[in-house]
file model.cif (mmCIF, C-alpha atoms (C1' of nucleotides))
data_work
loop_
_atom_site.group_PDB
_atom_site.id
_atom_site.type_symbol
_atom_site.label_atom_id
_atom_site.label_comp_id
_atom_site.auth_asym_id
_atom_site.auth_seq_id
_atom_site.Cartn_x
_atom_site.Cartn_y
_atom_site.Cartn_z
ATOM 1 C CA MET A 1 77.297 47.728 180.673
ATOM 2 C CA PRO A 2 78.907 50.557 182.373
ATOM 3 C CA GLU A 3 78.865 51.289 186.044
ATOM 4 C CA LEU A 4 80.920 54.030 187.663
ATOM 5 C CA PRO A 5 84.358 52.424 187.117
ATOM 6 C CA GLU A 6 83.782 51.752 183.429
ATOM 7 C CA VAL A 7 82.518 55.270 182.867
ATOM 8 C CA GLU A 8 85.538 56.644 184.706
ATOM 9 C CA ILE A 9 87.826 54.686 182.362
ATOM 10 C CA VAL A 10 86.038 56.224 179.385
ATOM 11 C CA ARG A 11 86.330 59.664 180.968
ATOM 12 C CA LYS A 12 90.074 59.257 181.399
ATOM 13 C CA SER A 13 90.487 58.185 177.813
ATOM 14 C CA LEU A 14 88.457 61.132 176.551
ATOM 15 C CA SER A 15 90.354 63.516 178.781
ATOM 16 C CA LYS A 16 93.606 62.257 177.334
ATOM 17 C CA ASN A 17 92.497 62.374 173.727
ATOM 18 C CA ILE A 18 90.025 65.189 173.146
ATOM 19 C CA LYS A 19 90.598 67.815 175.837
ATOM 20 C CA GLY A 20 91.325 71.197 174.265
ATOM 21 C CA LYS A 21 89.957 70.178 170.892
ATOM 22 C CA VAL A 22 87.287 71.992 168.899
ATOM 23 C CA ILE A 23 84.209 70.261 167.519
ATOM 24 C CA THR A 24 84.340 70.602 163.759
ATOM 25 C CA LYS A 25 81.380 68.470 162.740
ATOM 26 C CA VAL A 26 78.487 66.593 164.318
ATOM 27 C CA GLU A 27 76.507 63.878 162.593
ATOM 28 C CA VAL A 28 73.508 62.119 164.120
ATOM 29 C CA ASN A 29 72.545 58.913 162.333
ATOM 30 C CA ASN A 30 69.789 57.923 164.735
ATOM 31 C CA ARG A 31 68.084 60.377 167.084
ATOM 32 C CA ASN A 32 65.922 57.732 168.731
ATOM 33 C CA LEU A 33 67.982 56.945 171.774
ATOM 34 C CA ARG A 34 66.531 56.575 175.264
ATOM 35 C CA VAL A 35 66.012 60.303 175.133
ATOM 36 C CA LYS A 36 65.465 61.672 171.644
ATOM 37 C CA ILE A 37 68.365 63.792 170.452
ATOM 38 C CA GLU A 38 67.082 67.336 169.990
ATOM 39 C CA LYS A 39 66.949 68.765 166.487
ATOM 40 C CA LYS A 40 69.455 71.509 167.154
ATOM 41 C CA PHE A 41 71.961 69.233 168.894
ATOM 42 C CA GLU A 42 74.450 69.325 166.012
ATOM 43 C CA GLU A 43 74.178 73.060 165.618
ATOM 44 C CA LYS A 44 74.616 73.685 169.332
ATOM 45 C CA LEU A 45 77.755 71.564 169.636
ATOM 46 C CA LYS A 46 79.518 72.873 166.599
ATOM 47 C CA LYS A 47 82.643 75.011 167.158
ATOM 48 C CA LYS A 48 82.622 74.344 170.884
ATOM 49 C CA LYS A 49 86.026 73.952 172.489
ATOM 50 C CA ILE A 50 86.463 71.314 175.182
ATOM 51 C CA LYS A 51 87.679 72.595 178.530
ATOM 52 C CA LYS A 52 87.629 69.272 180.384
ATOM 53 C CA ILE A 53 85.870 65.934 180.741
ATOM 54 C CA ASP A 54 84.122 65.337 184.055
ATOM 55 C CA ARG A 55 82.062 62.474 185.346
ATOM 56 C CA PHE A 56 79.257 62.185 187.819
ATOM 57 C CA SER A 57 77.976 58.730 188.685
ATOM 58 C CA LYS A 58 77.566 56.914 185.372
ATOM 59 C CA TYR A 59 77.470 60.103 183.315
ATOM 60 C CA ILE A 60 80.260 61.572 181.245
ATOM 61 C CA ILE A 61 80.191 65.367 181.264
ATOM 62 C CA ILE A 62 81.977 67.197 178.479
ATOM 63 C CA VAL A 63 82.578 70.742 179.688
ATOM 64 C CA PHE A 64 83.069 73.448 177.071
ATOM 65 C CA PHE A 65 84.959 76.699 177.500
ATOM 66 C CA ASP A 66 81.738 78.704 177.323
ATOM 67 C CA ASN A 67 80.440 76.680 180.309
ATOM 68 C CA SER A 68 77.922 74.714 178.336
ATOM 69 C CA PHE A 69 77.862 70.927 178.638
ATOM 70 C CA CYS A 70 77.357 67.716 176.746
ATOM 71 C CA LEU A 71 76.203 64.794 178.862
ATOM 72 C CA ILE A 72 76.659 61.203 177.756
ATOM 73 C CA HIS A 73 75.013 58.214 179.376
ATOM 74 C CA LEU A 74 75.976 54.795 178.050
ATOM 75 C CA GLY A 75 72.911 52.889 179.216
ATOM 76 C CA MET A 76 73.448 49.128 179.095
ATOM 77 C CA SER A 77 75.249 48.735 175.798
ATOM 78 C CA GLY A 78 76.757 52.099 174.913
ATOM 79 C CA THR A 79 80.405 52.408 173.898
ATOM 80 C CA ILE A 80 82.526 55.314 172.774
ATOM 81 C CA HIS A 81 85.103 54.910 170.062
ATOM 82 C CA LEU A 82 87.830 57.316 169.081
ATOM 83 C CA LEU A 83 89.206 57.275 165.577
ATOM 84 C CA LYS A 84 92.270 59.205 164.550
ATOM 85 C CA LYS A 85 92.536 60.809 161.149
ATOM 86 C CA LYS A 86 95.520 59.395 159.346
ATOM 87 C CA ASN A 87 95.502 61.279 156.100
ATOM 88 C CA LYS A 88 93.190 63.925 154.789
ATOM 89 C CA ASN A 89 89.959 61.990 154.894
ATOM 90 C CA LYS A 90 90.519 58.629 156.451
ATOM 91 C CA PHE A 91 89.902 57.855 160.106
ATOM 92 C CA THR A 92 91.586 54.844 161.674
ATOM 93 C CA ASN A 93 90.742 53.145 164.902
ATOM 94 C CA THR A 94 93.222 54.022 167.633
ATOM 95 C CA SER A 95 91.374 53.905 170.892
ATOM 96 C CA PHE A 96 88.208 52.284 171.990
ATOM 97 C CA TYR A 97 86.464 50.835 174.953
ATOM 98 C CA HIS A 98 85.421 47.170 175.078
ATOM 99 C CA SER A 99 85.565 46.493 171.387
ATOM 100 C CA PRO A 100 88.708 46.320 169.318
ATOM 101 C CA HIS A 101 87.060 47.396 166.118
ATOM 102 C CA LEU A 102 84.461 49.945 165.350
ATOM 103 C CA PRO A 103 81.155 48.081 165.082
ATOM 104 C CA LYS A 104 79.412 48.114 161.727
ATOM 105 C CA LYS A 105 75.988 48.818 163.161
ATOM 106 C CA HIS A 106 74.511 51.223 165.703
ATOM 107 C CA ASN A 107 76.996 54.063 165.359
ATOM 108 C CA HIS A 108 74.372 56.658 166.218
ATOM 109 C CA VAL A 109 76.399 59.815 166.748
ATOM 110 C CA GLU A 110 79.687 60.970 165.252
ATOM 111 C CA ILE A 111 81.473 64.018 166.598
ATOM 112 C CA GLU A 112 84.544 65.198 164.725
ATOM 113 C CA LEU A 113 87.159 67.087 166.677
ATOM 114 C CA GLN A 114 89.797 68.290 164.245
ATOM 115 C CA ASN A 115 91.874 65.124 163.721
ATOM 116 C CA ILE A 116 89.842 62.842 165.989
ATOM 117 C CA SER A 117 86.384 61.392 165.554
ATOM 118 C CA LEU A 118 84.284 60.379 168.557
ATOM 119 C CA ILE A 119 81.656 57.759 167.806
ATOM 120 C CA TYR A 120 78.785 56.854 170.084
ATOM 121 C CA ASN A 121 77.640 53.259 169.520
ATOM 122 C CA ASP A 122 74.707 51.702 171.336
ATOM 123 C CA PRO A 123 72.833 48.609 170.077
ATOM 124 C CA ARG A 124 70.089 48.706 172.693
ATOM 125 C CA ARG A 125 69.740 52.495 172.679
ATOM 126 C CA PHE A 126 69.255 52.749 176.428
ATOM 127 C CA GLY A 127 71.869 55.482 176.535
ATOM 128 C CA TYR A 128 71.552 59.100 175.431
ATOM 129 C CA LEU A 129 73.296 62.418 174.897
ATOM 130 C CA LEU A 130 72.102 65.766 176.222
ATOM 131 C CA TYR A 131 73.196 69.310 175.648
ATOM 132 C CA PHE A 132 72.976 71.827 178.481
ATOM 133 C CA ASP A 133 73.353 75.536 178.007
ATOM 134 C CA ASN A 134 74.468 76.307 181.521
ATOM 135 C CA LYS A 135 75.353 74.898 184.903
ATOM 136 C CA LYS A 136 71.878 75.361 186.309
ATOM 137 C CA GLN A 137 70.446 72.819 183.893
ATOM 138 C CA LEU A 138 73.217 70.401 184.813
ATOM 139 C CA GLN A 139 72.528 70.792 188.520
ATOM 140 C CA LYS A 140 68.847 70.282 187.936
ATOM 141 C CA LYS A 141 69.563 67.023 186.125
ATOM 142 C CA PHE A 142 71.515 65.635 189.081
ATOM 143 C CA LYS A 143 69.345 67.104 191.810
ATOM 144 C CA SER A 144 67.664 63.848 192.725
ATOM 145 C CA TYR A 145 70.833 61.752 192.649
ATOM 146 C CA GLY A 146 72.399 60.490 195.844
ATOM 147 C CA PRO A 147 76.092 60.975 196.617
ATOM 148 C CA GLU A 148 78.741 58.813 195.013
ATOM 149 C CA PRO A 149 80.322 56.226 197.318
ATOM 150 C CA PHE A 150 83.514 58.330 197.289
ATOM 151 C CA SER A 151 81.706 61.364 198.645
ATOM 152 C CA LYS A 152 82.013 62.438 202.260
ATOM 153 C CA LYS A 153 78.239 62.775 202.190
ATOM 154 C CA PHE A 154 77.978 59.012 201.916
ATOM 155 C CA ASN A 155 78.427 58.447 205.648
ATOM 156 C CA LEU A 156 76.717 56.596 208.475
ATOM 157 C CA GLU A 157 74.449 59.492 209.465
ATOM 158 C CA TYR A 158 73.256 59.913 205.900
ATOM 159 C CA ILE A 159 72.469 56.236 205.506
ATOM 160 C CA LEU A 160 70.664 55.914 208.839
ATOM 161 C CA LYS A 161 68.536 58.911 208.001
ATOM 162 C CA TYR A 162 67.848 57.696 204.485
ATOM 163 C CA PHE A 163 66.705 54.280 205.673
ATOM 164 C CA GLN A 164 64.253 55.772 208.153
ATOM 165 C CA ASN A 165 60.703 54.658 207.384
ATOM 166 C CA LYS A 166 61.846 52.815 204.280
ATOM 167 C CA HIS A 167 61.474 49.087 203.853
ATOM 168 C CA LYS A 168 63.540 47.567 201.126
ATOM 169 C CA ASN A 169 66.284 45.004 200.924
ATOM 170 C CA ILE A 170 69.829 46.318 200.863
ATOM 171 C CA LYS A 171 70.568 45.139 197.314
ATOM 172 C CA ASN A 172 67.766 47.296 195.937
ATOM 173 C CA PHE A 173 69.011 50.284 197.896
ATOM 174 C CA LEU A 174 72.496 49.911 196.453
ATOM 175 C CA LEU A 175 71.005 49.920 192.964
ATOM 176 C CA ASP A 176 68.855 52.953 193.734
ATOM 177 C CA GLN A 177 70.686 55.969 192.318
ATOM 178 C CA LYS A 178 68.656 58.300 194.522
ATOM 179 C CA PHE A 179 70.308 56.684 197.540
ATOM 180 C CA VAL A 180 73.844 56.217 196.248
ATOM 181 C CA SER A 181 74.905 56.846 192.681
ATOM 182 C CA GLY A 182 77.386 54.929 190.587
ATOM 183 C CA LEU A 183 76.851 51.359 191.728
ATOM 184 C CA GLY A 184 75.184 48.944 189.329
ATOM 185 C CA ASN A 185 74.277 45.298 189.315
ATOM 186 C CA ILE A 186 77.819 43.900 189.342
ATOM 187 C CA TYR A 187 79.303 46.129 192.005
ATOM 188 C CA ALA A 188 76.237 45.946 194.243
ATOM 189 C CA SER A 189 76.737 42.185 194.490
ATOM 190 C CA GLU A 190 80.490 42.549 194.983
ATOM 191 C CA VAL A 191 80.129 45.189 197.716
ATOM 192 C CA LEU A 192 77.634 43.030 199.612
ATOM 193 C CA PHE A 193 79.984 40.075 199.431
ATOM 194 C CA GLU A 194 82.893 42.085 200.806
ATOM 195 C CA SER A 195 80.592 43.418 203.532
ATOM 196 C CA LYS A 196 79.338 39.881 204.320
ATOM 197 C CA ILE A 197 75.716 40.946 203.962
ATOM 198 C CA TYR A 198 72.911 38.870 202.475
ATOM 199 C CA PRO A 199 71.414 40.840 199.568
ATOM 200 C CA LEU A 200 67.794 40.309 200.620
ATOM 201 C CA LYS A 201 68.468 41.566 204.134
ATOM 202 C CA SER A 202 66.113 44.349 205.059
ATOM 203 C CA ALA A 203 68.193 47.519 205.079
ATOM 204 C CA SER A 204 66.606 48.887 208.229
ATOM 205 C CA LEU A 205 67.809 45.834 210.162
ATOM 206 C CA LEU A 206 71.481 46.348 209.354
ATOM 207 C CA THR A 207 73.777 47.188 212.261
ATOM 208 C CA ASN A 208 75.970 50.274 212.249
ATOM 209 C CA ASP A 209 78.942 47.982 211.811
ATOM 210 C CA GLN A 210 77.447 46.506 208.686
ATOM 211 C CA LEU A 211 76.620 49.932 207.285
ATOM 212 C CA LYS A 212 80.196 51.031 207.902
ATOM 213 C CA LYS A 213 81.355 48.040 205.935
ATOM 214 C CA ILE A 214 79.137 49.029 203.038
ATOM 215 C CA ILE A 215 80.623 52.523 203.087
ATOM 216 C CA LYS A 216 84.142 51.142 203.232
ATOM 217 C CA TYR A 217 83.811 48.470 200.577
ATOM 218 C CA SER A 218 81.794 50.475 198.087
ATOM 219 C CA LYS A 219 84.751 52.850 197.895
ATOM 220 C CA LYS A 220 87.260 50.033 197.884
ATOM 221 C CA VAL A 221 85.647 47.872 195.227
ATOM 222 C CA LEU A 222 85.085 50.780 192.843
ATOM 223 C CA LYS A 223 88.617 52.091 193.300
ATOM 224 C CA ARG A 224 90.098 48.679 192.731
ATOM 225 C CA SER A 225 88.058 48.244 189.576
ATOM 226 C CA ILE A 226 89.100 51.646 188.246
ATOM 227 C CA ALA A 227 92.723 50.696 188.886
ATOM 228 C CA LYS A 228 92.142 47.550 186.840
ATOM 229 C CA GLY A 229 90.569 49.419 183.947
ATOM 230 C CA GLY A 230 86.994 48.458 184.828
ATOM 231 C CA SER A 231 85.179 45.231 184.007
ATOM 232 C CA SER A 232 84.821 43.903 180.490
ATOM 233 C CA ILE A 233 82.272 41.186 179.990
ATOM 234 C CA ARG A 234 80.655 39.794 176.876
ATOM 235 C CA ASP A 235 83.226 41.489 174.640
ATOM 236 C CA PHE A 236 86.231 39.261 175.007
ATOM 237 C CA LYS A 237 87.318 38.481 171.480
ATOM 238 C CA ASN A 238 90.280 40.760 171.235
ATOM 239 C CA THR A 239 92.520 42.325 173.809
ATOM 240 C CA THR A 240 94.309 44.919 171.754
ATOM 241 C CA GLY A 241 92.649 47.891 173.356
ATOM 242 C CA ASP A 242 91.678 49.372 176.699
ATOM 243 C CA GLN A 243 90.033 46.230 177.885
ATOM 244 C CA GLY A 244 89.505 46.162 181.649
ATOM 245 C CA SER A 245 90.417 43.191 183.800
ATOM 246 C CA PHE A 246 88.365 43.559 186.958
ATOM 247 C CA GLN A 247 86.020 40.819 185.751
ATOM 248 C CA LYS A 248 88.806 38.404 186.636
ATOM 249 C CA GLU A 249 88.492 39.527 190.229
ATOM 250 C CA PHE A 250 84.762 39.102 190.652
ATOM 251 C CA LYS A 251 84.148 37.257 193.900
ATOM 252 C CA VAL A 252 80.483 36.492 193.303
ATOM 253 C CA TYR A 253 79.172 38.055 190.089
ATOM 254 C CA ASN A 254 78.733 35.388 187.399
ATOM 255 C CA ARG A 255 80.183 32.760 189.743
ATOM 256 C CA GLU A 256 77.093 30.682 190.477
ATOM 257 C CA HIS A 257 77.865 27.153 191.796
ATOM 258 C CA LEU A 258 81.532 28.031 192.378
ATOM 259 C CA LYS A 259 83.246 27.992 195.745
ATOM 260 C CA CYS A 260 83.418 31.056 197.959
ATOM 261 C CA THR A 261 86.845 32.668 197.605
ATOM 262 C CA ARG A 262 87.142 33.177 201.361
ATOM 263 C CA ARG A 263 89.516 30.571 202.691
ATOM 264 C CA SER A 264 87.860 28.134 205.065
ATOM 265 C CA CYS A 265 84.385 29.504 204.332
ATOM 266 C CA GLY A 266 83.307 26.491 202.320
ATOM 267 C CA GLY A 267 80.280 28.308 200.933
ATOM 268 C CA ILE A 268 78.902 28.077 197.434
ATOM 269 C CA ILE A 269 77.955 31.092 195.347
ATOM 270 C CA LYS A 270 74.213 31.248 194.702
ATOM 271 C CA LYS A 271 72.221 33.237 192.185
ATOM 272 C CA ILE A 272 68.825 34.691 192.990
ATOM 273 C CA ILE A 273 66.625 37.170 191.182
ATOM 274 C CA ILE A 274 65.859 40.384 193.057
ATOM 275 C CA SER A 275 63.595 42.888 191.314
ATOM 276 C CA ASN A 276 64.224 41.183 188.002
ATOM 277 C CA ARG A 277 68.002 41.422 188.289
ATOM 278 C CA SER A 278 70.466 38.652 189.083
ATOM 279 C CA SER A 279 72.097 38.767 192.473
ATOM 280 C CA PHE A 280 75.038 36.635 193.493
ATOM 281 C CA PHE A 281 76.092 35.820 197.029
ATOM 282 C CA CYS A 282 77.838 33.240 199.197
ATOM 283 C CA ASN A 283 75.359 31.036 201.016
ATOM 284 C CA ILE A 284 77.546 30.842 204.129
ATOM 285 C CA CYS A 285 79.395 34.067 204.844
ATOM 286 C CA GLN A 286 76.779 36.614 203.795
ATOM 287 C CA LYS A 287 74.189 37.075 206.544
ATOM 288 C "C1'" DA B 1 54.968 58.399 198.926
ATOM 289 C "C1'" DA B 2 57.361 54.182 198.957
ATOM 290 C "C1'" DG B 3 57.838 50.194 196.446
ATOM 291 C "C1'" DA B 4 56.822 46.664 192.894
ATOM 292 C "C1'" DG B 5 56.560 45.742 188.150
ATOM 293 C "C1'" DG B 6 56.504 46.756 183.297
ATOM 294 C "C1'" DC B 7 58.903 48.519 179.691
ATOM 295 C "C1'" DC B 8 62.288 50.619 176.434
ATOM 296 C "C1'" DC B 9 65.754 47.752 172.636
ATOM 297 C "C1'" DT B 10 69.148 44.500 170.208
ATOM 298 C "C1'" DG B 11 72.124 40.602 170.301
ATOM 299 C "C1'" DA B 12 74.245 36.430 172.211
ATOM 300 C "C1'" DT B 13 73.439 32.008 173.708
ATOM 301 C "C1'" DA B 14 70.958 27.781 175.112
ATOM 302 C "C1'" DG B 15 67.663 24.322 174.238
ATOM 303 C "C1'" DC B 16 64.738 21.877 171.241
ATOM 304 C "C1'" DT C 1 70.019 24.812 160.260
ATOM 305 C "C1'" DG C 2 66.602 27.292 162.390
ATOM 306 C "C1'" DC C 3 63.236 28.302 165.490
ATOM 307 C "C1'" DT C 4 61.968 30.164 170.354
ATOM 308 C "C1'" DA C 5 62.970 31.581 174.931
ATOM 309 C "C1'" DT C 6 65.913 33.753 178.125
ATOM 310 C "C1'" DC C 7 69.112 36.898 179.643
ATOM 311 C "C1'" DA C 8 72.244 41.154 179.657
ATOM 312 C "C1'" DG C 9 76.540 46.051 183.068
ATOM 313 C "C1'" DG C 10 70.240 50.929 183.431
ATOM 314 C "C1'" DG C 11 66.679 53.544 184.792
ATOM 315 C "C1'" DC C 12 62.187 55.795 183.834
ATOM 316 C "C1'" DC C 13 57.216 55.554 184.157
ATOM 317 C "C1'" DT C 14 52.857 53.915 186.050
ATOM 318 C "C1'" DC C 15 50.059 51.865 189.301
ATOM 319 C "C1'" DT C 16 48.818 50.664 193.941
#
call {"tool": "encode", "arguments": {"input": "model.cif", "output": "structure tokens"}}
result
Amino acid sequence: MPELPEVEIVRKSLSKNIKGKVITKVEVNNRNLRVKIEKKFEEKLKKKKIKKIDRFSKYIIIVFFDNSFCLIHLGMSGTIHLLKKKNKNKFTNTSFYHSPHLPKKHNHVEIELQNISLIYNDPRRFGYLLYFDNKKQLQKKFKSYGPEPFSKKFNLEYILKYFQNKHKNIKNFLLDQKFVSGLGNIYASEVLFESKIYPLKSASLLTNDQLKKIIKYSKKVLKRSIAKGGSSIRDFKNTTGDQGSFQKEFKVYNREHLKCTRRSCGGIIKKIIISNRSSFFCNICQK
DNA sequence: AAGAGGCCCTGATAGC
DNA sequence: TGCTATCAGGGCCTCT
């Protein structure tokens, strides 16, 4: 589910609710996530005090005061739920992302922080949690990742150099975290629409003007989505919580057969499959 | 060594 | 009602 904006919304919520707290208990119900949770995970996290919550790309980074780290990746279906302890033993649901109630199944990890309980839920188990002892390990993990769209490193020179001797369509490049990190399937389509670029266009054929548009709109689209609380799809039922609303502003994603939102374009949104993932685009204004 | 494709997994939905 | 097939916001691994 989560691309950069959604993860940033989770980060903000965690920062607000668990910064400064001490981990009092860790319970792993299922270690078999995308990456198996190490045996000593619980032991290593216990008694750690949270200095701050960072994010890189689609990763949440819990930073402890002793400069160790806990990394959380939400995969496709991961969600984090915060429960607040009301009386001595009972936790009640106060904050959550995407789902108004704590799911009954797939609550794989529970981390208690004094009066708050953090629950990692993930039906498909494509997400994972990692513990890092020091900053070196963290840097190693992100070594092969490209810059975020917000980074100054994501500039025209970088892109031109990166595309040298590579032959792929632009949609695949935007999904490639080694090139640029944080975009996923929704925002890749949205950025290409705003940039008026056809997703199957060979990246090496793009003009400098088009590349500048990609730089501009990748920042813009992500920022706008963050401001709107991210995108919530497939989890509509209730709206009591921190449900995002950017899905209402999708110009192409999930809009097959509908009209292009550009006035006087007259195009129709099409859906094609690129590398096994849906891509949406306007058949007239994206070239 | 770049790039295509398979695969990890569960759940929701569509079609019969 | 119940079966089967398809699809889903990610990304790693293997093969060519």
call {"tool": "resolve_selection", "arguments": {"input": "model.cif", "expression": "the PyMOL selection byres ((chain A) within 10 of (chain C))", "output": "VMD selection string"}}
result
chain A and resid 1 to 3 6 34 58 73 to 77 126 to 127 175 to 177 184 to 187 231 to 234 277 to 278
call {"tool": "atom_distance", "arguments": {"input": "model.cif", "atom1": "atom CA of Ser202 of chain A", "atom2": "atom CA of Leu258 of chain A"}}
result
25.8 Å
call {"tool": "atom_distance", "arguments": {"input": "model.cif", "atom1": "atom CA of Ile274 of chain A", "atom2": "atom CA of Tyr217 of chain A"}}
result
21.1 Å
call {"tool": "interface_residues", "arguments": {"input": "model.cif", "of": "chain B", "to": "chain A", "cutoff": "9 Å", "atoms": "all atoms listed in the file", "output": "VMD selection string"}}
result
chain B and resid 2 to 5 8 to 12
call {"tool": "atom_distance", "arguments": {"input": "model.cif", "atom1": "atom CA of Glu43 of chain A", "atom2": "atom CA of Ser57 of chain A"}}
result
27.4 Å
call {"tool": "resolve_selection", "arguments": {"input": "model.cif", "expression": "the PyMOL selection byres ((chain A and resi 197) around 6)", "output": "MDAnalysis selection string"}}
result
chainID A and resid 192 195:196 198 286:287
call {"tool": "resolve_selection", "arguments": {"input": "model.cif", "expression": "the PyMOL selection byres ((chain A and resi 23) around 6)", "output": "ChimeraX atom specification"}}
result
/A:22,24-25,46-48,112-113
call {"tool": "residues_around", "arguments": {"input": "model.cif", "residues": "Ile37 of chain A", "least_positions_apart": "2", "cutoff": "12 Å", "atoms": "only C-alpha atoms (C1' of nucleotides)", "output": "PyMOL selection string"}}
result
chain A and resi 27-35+39-44+70-72+108-109+125+127-131
call {"tool": "residues_around", "arguments": {"input": "model.cif", "residues": "Phe154 of chain A", "least_positions_apart": "6", "cutoff": "9 Å", "atoms": "all atoms listed in the file", "output": "mmCIF file with C-alpha atoms, keeping the file's coordinate frame"}}
result
data_model
loop_
_atom_site.group_PDB
_atom_site.id
_atom_site.type_symbol
_atom_site.label_atom_id
_atom_site.label_comp_id
_atom_site.auth_asym_id
_atom_site.auth_seq_id
_atom_site.Cartn_x
_atom_site.Cartn_y
_atom_site.Cartn_z
ATOM 1 C CA GLY A 146 72.399 60.490 195.844
ATOM 2 C CA PRO A 147 76.092 60.975 196.617
ATOM 3 C CA GLU A 148 78.741 58.813 195.013
ATOM 4 C CA VAL A 180 73.844 56.217 196.248
ATOM 5 C CA ILE A 215 80.623 52.523 203.087
#
call {"tool": "closest_residue", "arguments": {"input": "model.cif", "among": "A:Ser245, A:Asn17, A:Asn169, A:Ser181", "to": "Lys228 of chain A", "atoms": "only C-alpha atoms"}}
result
A:Ser245
